[in-house]
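J.: My structure is stored as my_file.cif, with mmCIF, C-alpha atoms and all ligand atoms.
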data_run
loop_
_atom_site.label_atom_id
_atom_site.label_comp_id
_atom_site.auth_asym_id
_atom_site.auth_seq_id
_atom_site.Cartn_x
_atom_site.Cartn_y
_atom_site.Cartn_z
CA MET A 1 11.20 -13.45 1.34
CA ALA A 2 13.23 -16.15 -0.30
CA THR A 3 13.56 -19.39 1.59
CA GLY A 4 16.26 -22.03 1.34
CA HIS A 5 19.76 -21.39 0.14
CA PRO A 6 20.20 -21.03 -3.61
CA ARG A 7 23.45 -22.30 -5.12
CA GLY A 8 24.23 -21.49 -8.79
CA VAL A 9 24.29 -17.93 -10.11
CA SER A 10 21.03 -18.48 -11.95
CA ALA A 11 19.08 -19.60 -8.87
CA VAL A 12 17.95 -16.04 -8.30
CA VAL A 13 16.19 -16.09 -11.66
CA THR A 14 13.63 -18.53 -10.33
CA ARG A 15 11.92 -15.62 -8.56
CA ARG A 16 11.98 -13.42 -11.61
CA SER A 17 9.05 -13.20 -13.93
CA LEU A 18 6.75 -10.48 -15.11
CA PRO A 19 3.87 -10.33 -12.66
CA LEU A 20 0.71 -12.21 -13.46
CA LEU A 21 -2.11 -9.77 -13.98
CA ARG A 22 -5.60 -10.10 -12.65
CA PRO A 23 -8.77 -7.98 -12.62
CA PRO A 24 -8.93 -5.11 -10.09
CA GLU A 25 -11.67 -6.81 -8.06
CA ALA A 26 -9.24 -9.62 -7.22
CA SER A 27 -7.01 -7.15 -5.34
CA LEU A 28 -9.04 -4.10 -4.39
CA PRO A 29 -12.26 -3.58 -2.42
CA PRO A 30 -15.32 -3.69 -4.73
CA LEU A 31 -15.95 0.05 -4.91
CA GLN A 32 -12.36 1.12 -5.58
CA ALA A 33 -11.95 -1.75 -8.06
CA ARG A 34 -14.79 -0.29 -10.15
CA TRP A 35 -13.15 3.13 -10.12
CA ILE A 36 -9.87 1.80 -11.41
CA VAL A 37 -11.58 0.50 -14.53
CA ALA A 38 -11.97 4.17 -15.52
CA VAL A 39 -8.26 4.84 -14.96
CA LEU A 40 -6.44 1.94 -16.60
CA GLY A 41 -7.40 1.30 -20.20
CA THR A 42 -6.75 -2.40 -19.68
CA PRO A 43 -7.81 -2.78 -16.09
CA THR A 44 -5.43 -5.35 -14.69
CA LEU A 45 -3.37 -5.27 -11.52
CA PRO A 46 -0.30 -7.31 -10.60
CA ASP A 47 -0.86 -10.47 -8.62
CA GLU A 48 1.48 -10.08 -5.64
CA SER A 49 1.78 -13.79 -5.15
CA ASN A 50 4.69 -13.50 -2.69
CA ALA A 51 2.53 -11.52 -0.24
CA THR A 52 0.29 -14.33 0.89
CA CYS A 53 -2.17 -12.67 3.28
CA ASP A 54 -4.18 -15.86 3.89
CA ASP A 55 -1.02 -17.64 4.97
CA CYS A 56 1.00 -14.62 6.14
CA ALA A 57 4.46 -14.68 4.58
CA MET A 58 5.89 -12.63 7.45
CA LEU A 59 5.15 -14.99 10.35
CA ALA A 60 7.92 -17.05 11.94
CA ASP A 61 8.47 -20.25 9.99
CA PRO A 62 11.09 -22.98 10.36
CA SER A 63 11.96 -22.66 6.66
CA LEU A 64 13.05 -19.03 7.11
CA PRO A 65 16.76 -18.36 7.45
CA PRO A 66 17.98 -17.60 11.00
CA GLY A 67 17.57 -13.95 11.95
CA ALA A 68 14.91 -13.25 9.33
CA LEU A 69 12.62 -10.37 10.24
CA VAL A 70 9.14 -11.63 11.18
CA PHE A 71 5.81 -10.12 12.22
CA SER A 72 3.80 -11.01 15.30
CA PRO A 73 0.74 -13.24 14.74
CA ASP A 74 -1.09 -10.83 17.09
CA THR A 75 -0.76 -7.99 14.60
CA ARG A 76 0.61 -9.17 11.24
CA CYS A 77 1.02 -5.99 9.15
CA CYS A 78 -1.99 -4.30 10.76
CA THR A 79 -0.11 -2.00 13.16
CA TYR A 80 -1.83 0.87 11.43
CA LEU A 81 -4.83 3.05 12.19
CA PRO A 82 -6.67 3.76 8.92
CA THR A 83 -8.47 6.95 8.00
CA LEU A 84 -11.83 5.83 6.67
CA ALA A 85 -13.96 7.99 4.39
CA ASN A 86 -17.64 8.32 5.37
CA PHE A 87 -18.86 5.85 2.72
CA LEU A 88 -16.37 3.21 3.90
CA VAL A 89 -17.52 3.70 7.49
CA GLY A 90 -21.13 3.26 6.32
CA GLY A 91 -20.29 0.14 4.34
CA ALA A 92 -18.71 -1.53 7.35
CA LEU A 93 -21.65 -0.51 9.55
CA ARG A 94 -24.05 -2.10 7.08
CA GLU A 95 -22.61 -5.52 7.88
CA ALA A 96 -24.56 -5.46 11.08
CA THR A 97 -23.20 -8.43 12.99
CA SER A 98 -19.60 -8.43 11.87
CA HIS A 99 -16.47 -7.60 13.85
CA GLY A 100 -15.98 -4.79 11.34
CA ALA A 101 -19.29 -3.12 12.27
CA ALA A 102 -18.64 -3.57 15.98
CA SER A 103 -15.14 -2.12 15.74
CA MET A 104 -16.48 0.78 13.69
CA ARG A 105 -19.10 1.54 16.34
CA LEU A 106 -16.37 1.58 18.96
CA ARG A 107 -14.39 4.11 16.93
CA LEU A 108 -17.50 6.26 16.46
CA ALA A 109 -18.24 6.10 20.19
CA LYS A 110 -14.69 7.17 20.95
CA ASN A 111 -15.33 10.18 18.73
CA ASP A 112 -11.66 10.59 17.87
CA GLY A 113 -11.39 12.23 14.46
CA VAL A 114 -15.04 11.54 13.64
CA SER A 115 -16.69 14.02 11.29
CA ALA A 116 -19.06 14.04 8.33
CA LEU A 117 -16.06 13.13 6.14
CA GLY A 118 -15.47 9.90 8.05
CA ILE A 119 -12.95 8.88 10.70
CA ILE A 120 -9.83 10.92 10.11
CA VAL A 121 -6.49 10.00 11.69
CA ASP A 122 -3.79 12.61 12.26
CA PRO A 123 -1.27 12.05 9.40
CA ALA A 124 1.62 12.95 11.74
CA LEU A 125 0.64 10.05 14.02
CA VAL A 126 0.52 7.64 11.09
CA ALA A 127 3.89 8.81 9.78
CA ALA A 128 5.52 8.40 13.20
CA THR A 129 4.31 4.83 13.70
CA GLN A 130 4.85 3.64 10.13
CA SER A 131 8.46 4.73 10.03
CA ASP A 132 9.30 2.79 13.21
CA THR A 133 10.55 -0.51 11.77
CA GLU A 134 10.93 -2.03 15.24
CA ARG A 135 7.24 -1.57 16.07
CA PHE A 136 5.69 -2.08 12.64
CA GLY A 137 4.16 -5.54 12.36
CA ARG A 138 4.97 -6.33 15.97
CA ASP A 139 3.72 -3.83 18.53
CA VAL A 140 0.29 -4.90 19.70
CA THR A 141 -0.42 -1.43 21.11
CA LEU A 142 -0.47 -0.20 17.51
CA ARG A 143 -2.88 -2.89 16.33
CA CYS A 144 -5.72 -1.69 14.13
CA PRO A 145 -9.10 -1.93 15.88
CA HIS A 146 -10.53 -3.68 12.81
CA TYR A 147 -8.02 -6.54 12.97
CA GLU A 148 -9.46 -9.82 14.23
CA PRO A 149 -6.72 -11.45 16.33
CA THR A 150 -8.45 -14.81 16.51
CA THR A 151 -8.56 -15.22 12.73
CA GLY A 152 -5.76 -12.87 11.66
CA ARG A 153 -8.18 -11.23 9.25
CA CYS A 154 -9.36 -7.70 8.52
CA GLY A 155 -12.89 -7.04 9.78
CA VAL A 156 -13.51 -4.35 7.16
CA TRP A 157 -11.84 -6.07 4.19
CA ALA A 158 -14.50 -5.02 1.67
CA TRP A 159 -14.40 -1.46 3.00
CA ARG A 160 -10.69 -0.96 3.56
CA GLU A 161 -9.05 2.26 2.42
CA ALA A 162 -6.37 3.17 -0.11
CA THR A 163 -3.31 2.29 1.99
CA CYS A 164 -4.65 -1.02 3.28
CA ALA A 165 -5.77 -1.96 -0.24
CA THR A 166 -2.43 -1.28 -1.90
CA TRP A 167 0.16 -2.28 0.70
CA PHE A 168 2.07 -5.54 0.32
CA CYS A 169 5.01 -6.85 2.31
CA LYS A 170 6.61 -8.35 -0.81
CA HIS A 171 6.44 -7.57 -4.49
CA THR A 172 6.96 -9.83 -7.48
CA ARG A 173 8.91 -7.07 -9.22
CA GLY A 174 10.34 -5.46 -6.12
CA GLU A 175 10.71 -1.69 -6.26
CA ARG A 176 8.96 -1.38 -9.61
CA ALA A 177 5.81 -3.05 -8.30
CA LYS A 178 5.95 -1.10 -5.04
CA ALA A 179 6.09 2.12 -7.07
CA PHE A 180 3.01 1.06 -8.99
CA TRP A 181 1.01 0.33 -5.84
CA ASN A 182 2.20 3.56 -4.21
CA ARG A 183 0.96 5.51 -7.23
CA LEU A 184 -2.36 3.70 -7.05
CA GLN A 185 -2.59 4.50 -3.33
CA GLN A 186 -2.04 8.18 -4.07
CA LEU A 187 -4.84 8.20 -6.63
CA LEU A 188 -7.27 6.16 -4.54
CA ALA A 189 -6.69 8.36 -1.48
CA ARG A 190 -7.46 11.42 -3.62
CA LEU A 191 -10.64 9.82 -4.97
CA GLU A 192 -11.79 8.59 -1.56
CA ARG A 193 -11.48 12.10 -0.19
CA ALA A 194 -13.33 13.62 -3.16
CA VAL A 195 -16.16 11.09 -2.88
CA ALA A 196 -16.39 11.72 0.88
CA TRP A 197 -16.92 15.44 0.23
CA HIS A 198 -19.46 14.62 -2.47
CA CYS A 199 -21.40 12.40 -0.06
CA ALA A 200 -21.40 15.09 2.62
CA LEU A 201 -22.62 17.70 0.12
CA THR A 202 -25.29 15.43 -1.29
CA LEU A 203 -26.73 14.70 2.14
CA ASP A 204 -27.63 18.32 2.92
CA LEU A 205 -25.29 19.20 5.72
CA PRO A 206 -25.61 22.86 6.73
CA PRO A 207 -22.91 25.30 5.53
CA GLU A 208 -21.76 25.67 9.13
CA ALA A 209 -20.86 21.99 9.06
CA PHE A 210 -18.63 22.53 6.02
CA ALA A 211 -17.03 25.50 7.74
CA LEU A 212 -16.17 23.21 10.65
CA LEU A 213 -14.83 20.54 8.27
CA SER A 214 -12.57 23.06 6.62
CA PRO A 215 -11.41 25.37 9.40
CA LEU A 216 -9.49 28.51 8.62
CA ALA A 217 -5.84 28.22 9.52
CA ARG A 218 -5.07 29.88 12.84
CA THR A 219 -2.65 32.76 12.57
CA ASN A 220 -1.32 35.07 15.20
CA GLY A 221 -1.88 38.18 13.18
CA PRO A 222 -5.08 39.79 11.90
CA GLY A 223 -6.68 38.89 8.60
CA ARG A 224 -8.39 35.57 9.28
CA ALA A 225 -11.72 35.48 10.99
CA ASP A 226 -14.65 33.10 10.99
CA VAL A 227 -18.13 33.86 12.26
CA LEU A 228 -20.17 30.83 13.15
CA ALA A 229 -23.55 31.69 14.62
CA GLY A 230 -24.14 30.19 18.05
CA GLU A 231 -23.79 26.48 18.72
CA VAL A 232 -23.50 24.59 15.44
CA ASP A 233 -24.58 20.98 15.20
CA PRO A 234 -22.20 19.58 12.58
CA TRP A 235 -24.59 16.78 11.71
CA GLY A 236 -27.52 19.02 10.68
CA ARG A 237 -30.61 16.95 9.95
CA TRP A 238 -28.63 13.80 10.72
CA SER A 239 -28.22 14.79 14.34
CA GLY A 240 -29.05 11.75 16.44
CA ASP A 241 -28.60 9.38 13.50
CA VAL A 242 -24.92 9.49 12.71
CA GLU A 243 -24.87 5.82 11.67
CA GLY A 244 -27.75 6.55 9.28
CA PHE A 245 -25.68 9.37 7.79
CA PHE A 246 -22.73 7.08 7.15
CA ARG A 247 -24.92 4.37 5.64
CA ALA A 248 -26.52 6.98 3.37
CA CYS A 249 -23.02 8.03 2.29
CA THR A 250 -22.36 4.46 1.15
CA GLU A 251 -25.49 4.53 -1.01
CA VAL A 252 -24.43 7.83 -2.57
CA ALA A 253 -20.92 6.50 -3.31
CA GLU A 254 -22.22 3.25 -4.75
CA ALA A 255 -24.48 5.16 -7.17
CA LEU A 256 -21.53 6.97 -8.74
CA THR A 257 -20.11 5.73 -12.03
CA PRO A 258 -16.31 5.32 -12.20
CA ALA A 259 -16.16 8.24 -14.66
CA ALA A 260 -18.13 10.42 -12.23
CA VAL A 261 -15.72 9.50 -9.43
CA LEU A 262 -12.73 10.43 -11.57
CA ALA A 263 -14.43 13.74 -12.43
CA LEU A 264 -15.01 14.42 -8.72
CA GLY A 265 -11.29 13.95 -8.18
CA GLY A 266 -10.71 16.90 -10.53
CA VAL A 267 -7.60 17.71 -12.47
CA GLU A 268 -5.37 16.40 -9.69
CA ALA A 269 -6.95 12.96 -10.00
CA LEU A 270 -6.59 13.08 -13.79
CA ALA A 271 -2.88 13.84 -13.40
CA LEU A 272 -2.45 11.10 -10.77
CA ALA A 273 -4.28 8.68 -13.07
CA GLN A 274 -1.60 9.33 -15.66
CA THR A 275 1.12 8.47 -13.13
CA VAL A 276 -0.68 5.19 -12.41
CA GLN A 277 -0.77 4.38 -16.10
CA LEU A 278 2.92 5.22 -16.43
CA ALA A 279 3.82 3.01 -13.44
CA HIS A 280 1.73 0.21 -14.95
CA ARG A 281 3.69 0.43 -18.22
CA GLN A 282 6.99 0.46 -16.30
CA LEU A 283 5.89 -2.57 -14.33
CA LEU A 284 5.52 -4.54 -17.54
CA ASP A 285 8.73 -3.26 -19.11
CA ASP A 286 11.40 -5.96 -18.97
CA ALA A 287 14.16 -4.11 -20.85
CA LEU A 288 17.53 -3.89 -19.11
CA PRO A 289 19.55 -0.66 -18.96
CA THR A 290 22.72 -0.53 -21.04
CA GLN A 291 24.90 0.20 -18.00
CA VAL A 292 24.46 -1.08 -14.47
CA THR A 293 26.08 -0.31 -11.15
CA LEU A 294 25.62 -1.27 -7.50
CA GLY A 295 22.47 -0.02 -5.80
CA ARG A 296 21.44 -0.13 -2.14
CA ALA A 297 22.85 -3.54 -1.35
CA GLN A 298 22.98 -4.24 2.38
CA VAL A 299 23.99 -7.67 3.65
CA VAL A 300 21.53 -8.80 6.35
CA GLY A 301 22.34 -12.51 6.56
CA LEU A 302 24.81 -15.14 5.42
CA SER A 303 24.67 -18.84 4.76
CA PRO A 304 27.26 -21.12 3.16
CA ASP A 305 25.59 -20.76 -0.25
CA SER A 306 23.82 -17.41 -0.24
CA VAL A 307 23.88 -13.83 0.94
CA ARG A 308 20.61 -12.36 2.17
CA THR A 309 20.71 -8.93 0.63
CA GLN A 310 18.40 -6.03 1.38
CA GLY A 311 17.72 -3.66 -1.46
CA TYR A 312 14.48 -1.72 -1.85
CA SER A 313 12.78 -2.97 1.35
CA HIS A 314 13.79 -4.42 4.70
CA LEU A 315 10.69 -6.65 4.48
CA ASP A 316 11.68 -8.22 1.17
CA PRO A 317 15.37 -9.12 1.10
CA LEU A 318 16.68 -11.41 -1.59
CA GLU A 319 18.73 -14.56 -1.12
CA VAL A 320 21.51 -13.98 -3.66
CA PRO A 321 23.65 -17.04 -4.44
CA ARG A 322 27.22 -16.44 -3.24
CA ALA A 323 28.50 -17.38 -6.68
CA LEU A 324 26.60 -14.38 -8.04
CA PHE A 325 27.07 -12.03 -5.08
CA ASP A 326 30.85 -12.40 -5.39
CA GLN A 327 30.65 -11.10 -8.97
CA LEU A 328 28.55 -8.00 -8.34
CA HIS A 329 31.65 -5.79 -8.33
CA HIS A 330 31.86 -6.29 -12.11
CA PHE A 331 28.71 -4.20 -12.42
CA ASP A 332 30.46 -0.90 -12.00
CA GLY A 333 28.88 1.22 -14.70
CA ARG A 334 30.68 -0.39 -17.66
CA PRO A 335 28.43 -1.57 -20.55
CA LEU A 336 26.16 -4.35 -19.32
CA ASP A 337 27.33 -6.87 -21.92
CA ASP A 338 30.95 -6.37 -20.82
CA ALA A 339 30.00 -6.71 -17.15
CA LEU A 340 28.04 -9.90 -17.85
CA ARG A 341 31.00 -11.38 -19.75
CA ALA A 342 33.43 -10.54 -16.95
CA ALA A 343 31.09 -11.84 -14.23
CA SER A 344 30.41 -15.08 -16.15
CA ALA A 345 34.12 -15.70 -16.75
CA ALA A 346 34.93 -15.16 -13.07
CA ALA A 347 32.01 -17.33 -11.90
CA GLY A 348 32.84 -20.13 -14.33
CA GLU A 349 29.23 -20.24 -15.52
CA ASP A 350 26.87 -17.96 -17.43
CA VAL A 351 25.35 -15.11 -15.42
CA PRO A 352 21.94 -14.83 -17.06
CA ALA A 353 20.50 -11.41 -17.87
CA GLY A 354 17.35 -12.44 -15.96
CA ALA A 355 19.34 -12.58 -12.72
CA ILE A 356 20.52 -9.02 -13.33
CA GLY A 357 16.93 -7.97 -13.97
CA MET A 358 15.93 -9.42 -10.61
CA LEU A 359 18.74 -7.59 -8.83
CA LEU A 360 17.68 -4.37 -10.58
CA ASP A 361 14.04 -4.84 -9.55
CA PHE A 362 15.10 -5.29 -5.94
CA GLY A 363 17.33 -2.20 -5.99
CA ILE A 364 20.50 -4.23 -5.36
CA LEU A 365 21.78 -3.05 -8.75
CA ARG A 366 20.66 0.09 -10.53
CA GLY A 367 20.83 1.46 -14.04
CA CYS A 368 23.16 4.37 -14.69
S1 LIG B 1 -8.36 -1.86 8.12
FE1 LIG B 1 -7.99 -4.05 7.88
S2 LIG B 1 -6.21 -4.24 6.50
FE2 LIG B 1 -6.27 -2.13 7.31
S3 LIG B 1 -4.93 -2.15 9.11
FE3 LIG B 1 -7.04 -2.53 9.81
S4 LIG B 1 -7.29 -4.75 9.89
FE4 LIG B 1 -5.45 -4.30 8.65
#
If you convert what's in this file into structure tokens, what do you get?
Ligand code: SF4

T.:
Amino acid sequence: MATGHPRGVSAVVTRRSLPLLRPPEASLPPLQARWIVAVLGTPTLPDESNATCDDCAMLADPSLPPGALVFSPDTRCCTYLPTLANFLVGGALREATSHGAASMRLRLAKNDGVSALGIIVDPALVAATQSDTERFGRDVTLRCPHYEPTTGRCGVWAWREATCATWFCKHTRGERAKAFWNRLQQLLARLERAVAWHCALTLDLPPEAFALLSPLARTNGPGRADVLAGEVDPWGRWSGDVEGFFRACTEVAEALTPAAVLALGGVEALALAQTVQLAHRQLLDDALPTQVTLGRAQVVGLSPDSVRTQGYSHLDPLEVPRALFDQLHHFDGRPLDDALRAASAAAGEDVPAGAIGMLLDFGILRGC
């Protein structure tokens, strides 16, 4: 979120630059970082330097403009209950004395969504809580059990899952960067699920256990029946040592090469990998469209010198200098060069193309 109150039309350009790139291990958990090497030919990920997790950019701060949306220090962005694949559960359990291991044991003891695939959360529950912008980042009843309130840190950081690893409150290239991370999340979630199945298969669970993991859909009519003999112990030879099972899953997952993981993901993962590569190219593309018009610009705050404008995300509004905001009506679908000339003449100073690029990235303007 921009701070202060920019003045000239070019002030908005100060936030615009192509993202710095860094190796996957600087952003992702170790295991998933290795996988991504197999997906991106040049394995680099954007450095989301505006999303400062160590010094949370969403906490209340005197430098923020009045009325800015903030998170609670009791939750930060962790009002989310993650689904954790079996090998991620095992990895957290391996760190015997940590808050992560303790919180994982509590989830296992609760036995809510626990199976040989990991700890699975009902997607409908996640969707309902994530779409509630009033509660997200603020409602302590939604706080993730792995969040450490005293430190504000994640207890399972090295073993976090696809969504936690790819979510940022702010993006250096706005919507474009968010699209890249969302594509990566989609791929990683697919791979995590495939590896979880692979771990379960490798560790000799009985076929009855797989039948329970993949129940037949219930229908009212005839045609679907399942015959499971007697009482089935879904843990097979791991009965009585569920933690041992999850730790063994971690060893199986760690032994896989990135290429083997991608192969486990099947053709769907190969197709998703291509979407990640496409989004990566788009992230680094700085070309402007030839015609530009207004996008989803919503005014969420005013100061004497700037207009806080929400485009692609309510968590990442942009402080647009008034001198520039007042000229946005020139971007009405006419050729960009003409619009820039008209806006510059009306503003009495040059409107730089970089400022338009920033407004495009943030969804305040859009190509047409
Ligand atoms: S797993 Fe970690 S990053 Fe994810 S919601 Fe929980 S505490 Fe936050």

J.: With the cut-off set at 12 Å and counting only C-alpha atoms, tabulate each residue of range 162-237 of chain A with an atom at most that distance from an atom of range 133-156 of chain A, showing the nearest atom pair and its distance in Å to one decimal, ordered by chain and increasing number, as a tab-separated table.

T.:
residue	atom	partner	partner_atom	distance
A:Cys164	CA	A:Cys154	CA	9.7
A:Ala165	CA	A:Val156	CA	11.0
A:Cys169	CA	A:Gly137	CA	10.2

J.: Please list as a list in words every residue within 9 Å of Leu264 in chain A, counting all atoms listed in the file and excluding residues in the same chain fewer than 4 positions away.

T.: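 Contacts, in chain order: Leu191, Ala194, Val195, His198, Ala259, Ala260 and Ala269 of chain A.
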
J.: Store the residues picked out above in a file with C-alpha atoms, as a PDB file, in the frame of the given file.

T.:
ATOM      1  CA  LEU A 191     -10.640   9.820  -4.970  1.00  0.00           C
ATOM      2  CA  ALA A 194     -13.330  13.620  -3.160  1.00  0.00           C
ATOM      3  CA  VAL A 195     -16.160  11.090  -2.880  1.00  0.00           C
ATOM      4  CA  HIS A 198     -19.460  14.620  -2.470  1.00  0.00           C
ATOM      5  CA  ALA A 259     -16.160   8.240 -14.660  1.00  0.00           C
ATOM      6  CA  ALA A 260     -18.130  10.420 -12.230  1.00  0.00           C
ATOM      7  CA  ALA A 269      -6.950  12.960 -10.000  1.00  0.00           C
TER       8      ALA A 269
END

J.: Using all atoms listed in the file, can you tell me which of A:Ser49, A:Ser27, A:Gln32, A:Thr97 comes closest to Glu254 in chain A?

T.: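 Residue with the minimum atom-to-atom distance to Glu254 in chain A: A:Gln32.
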
J.: Pick out the closest residue to ligand LIG 1 (chain B) from this set: A:Ala346, A:Ala158, A:Ala127, A:Leu59. Count only C-alpha atoms and all ligand atoms.

T.: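 Smallest distance to ligand LIG 1 (chain B) is found for A:Ala158.
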
J.: Taking all atoms listed in the file into account, which of A:Leu117, A:Leu318, A:Met104, A:Leu272 comes nearest ligand LIG 1 (chain B)?

T.: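 With all atoms listed in the file as the atom set, the closest residue is A:Met104.
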
J.: So that I can see what lies close to Phe331 in chain A, please list as a PyMOL selection string the residues with an atom at most 7 Å from it, counting all atoms listed in the file and leaving out residues fewer than 2 positions away in the same chain.

T.: chain A and resi 292-294+328-329+333-334+339

J.: Quick one: of A:Arg247, A:Arg76, A:Arg193, A:Arg296, who's nearest to Cys56 in chain A, counting all atoms listed in the file?

T.: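 Looking only at the distances to Cys56 in chain A, the closest residue turns out to be A:Arg76.
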
J.: The residues within 8 Å of (-20.7, 18.4, 13.3), using all atoms listed in the file and the coordinates of the file, should be reported as a list in words; which are they?

T.: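 Result, sorted by chain then residue number: Ser115, Ala116, Ala209, Leu212, Val232, Asp233, Pro234, Trp235 and Gly236 of chain A.
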
J.: Of the candidates A:Pro289, A:Leu256, A:Arg366, A:Ala68, which shows the shortest atom-to-atom distance to Thr309 in chain A, using all atoms listed in the file?

T.: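 Once distances to Thr309 in chain A are computed over all atoms listed in the file, the minimum belongs to A:Ala68.
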
J.: At what distance in Å, to one decimal, does CA of Glu25 in chain A lie from CA of Ile119 in chain A?

T.: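 Atom-to-atom, CA of Ile119 in chain A to CA of Glu25 in chain A, that is 24.5 Å.
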
J.: Rounded to one decimal, what separation in Å do you get between CA of Tyr312 in chain A and CA of Trp181 in chain A?

T.: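 So the answer is 14.2 Å.
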
J.: Missing atoms in range 24-44 of chain A need filling: write out N, CA and C atoms for it as a short mmCIF file (atom, residue, chain, number, x, y, z; two decimals), keeping the file's coordinate frame.

T.:
data_model
loop_
_atom_site.label_atom_id
_atom_site.label_comp_id
_atom_site.auth_asym_id
_atom_site.auth_seq_id
_atom_site.Cartn_x
_atom_site.Cartn_y
_atom_site.Cartn_z
N PRO A 24 -9.03 -5.91 -11.31
CA PRO A 24 -8.93 -5.11 -10.09
C PRO A 24 -9.71 -5.69 -8.91
N GLU A 25 -10.85 -6.31 -9.18
CA GLU A 25 -11.67 -6.81 -8.06
C GLU A 25 -10.99 -7.96 -7.32
N ALA A 26 -9.96 -8.55 -7.92
CA ALA A 26 -9.24 -9.62 -7.22
C ALA A 26 -8.30 -9.06 -6.17
N SER A 27 -7.96 -7.77 -6.28
CA SER A 27 -7.01 -7.15 -5.34
C SER A 27 -7.65 -6.06 -4.49
N LEU A 28 -8.53 -5.30 -5.08
CA LEU A 28 -9.04 -4.10 -4.39
C LEU A 28 -10.43 -4.35 -3.84
N PRO A 29 -10.86 -3.52 -2.88
CA PRO A 29 -12.26 -3.58 -2.42
C PRO A 29 -13.20 -3.28 -3.60
N PRO A 30 -14.43 -3.78 -3.56
CA PRO A 30 -15.32 -3.69 -4.73
C PRO A 30 -15.48 -2.27 -5.30
N LEU A 31 -15.69 -1.30 -4.42
CA LEU A 31 -15.95 0.05 -4.91
C LEU A 31 -14.73 0.64 -5.63
N GLN A 32 -13.57 0.56 -4.98
CA GLN A 32 -12.36 1.12 -5.58
C GLN A 32 -11.96 0.33 -6.84
N ALA A 33 -12.26 -0.96 -6.87
CA ALA A 33 -11.95 -1.75 -8.06
C ALA A 33 -12.72 -1.22 -9.26
N ARG A 34 -13.98 -0.85 -9.04
CA ARG A 34 -14.79 -0.29 -10.15
C ARG A 34 -14.19 1.02 -10.63
N TRP A 35 -13.71 1.83 -9.70
CA TRP A 35 -13.15 3.13 -10.12
C TRP A 35 -11.95 2.95 -11.02
N ILE A 36 -11.13 1.95 -10.70
CA ILE A 36 -9.87 1.80 -11.41
C ILE A 36 -10.09 1.41 -12.87
N VAL A 37 -11.24 0.82 -13.14
CA VAL A 37 -11.58 0.50 -14.53
C VAL A 37 -11.56 1.77 -15.37
N ALA A 38 -11.95 2.90 -14.77
CA ALA A 38 -11.97 4.17 -15.52
C ALA A 38 -10.56 4.74 -15.70
N VAL A 39 -9.61 4.26 -14.93
CA VAL A 39 -8.26 4.84 -14.96
C VAL A 39 -7.35 4.08 -15.90
N LEU A 40 -7.33 2.76 -15.77
CA LEU A 40 -6.44 1.94 -16.60
C LEU A 40 -7.22 1.45 -17.81
N GLY A 41 -6.70 1.74 -18.99
CA GLY A 41 -7.40 1.30 -20.20
C GLY A 41 -7.64 -0.20 -20.17
N THR A 42 -6.61 -0.95 -19.86
CA THR A 42 -6.75 -2.40 -19.68
C THR A 42 -6.67 -2.65 -18.19
N PRO A 43 -7.82 -2.76 -17.55
CA PRO A 43 -7.81 -2.78 -16.09
C PRO A 43 -7.30 -4.09 -15.50
N THR A 44 -6.00 -4.19 -15.35
CA THR A 44 -5.43 -5.35 -14.69
C THR A 44 -4.42 -4.88 -13.66
#
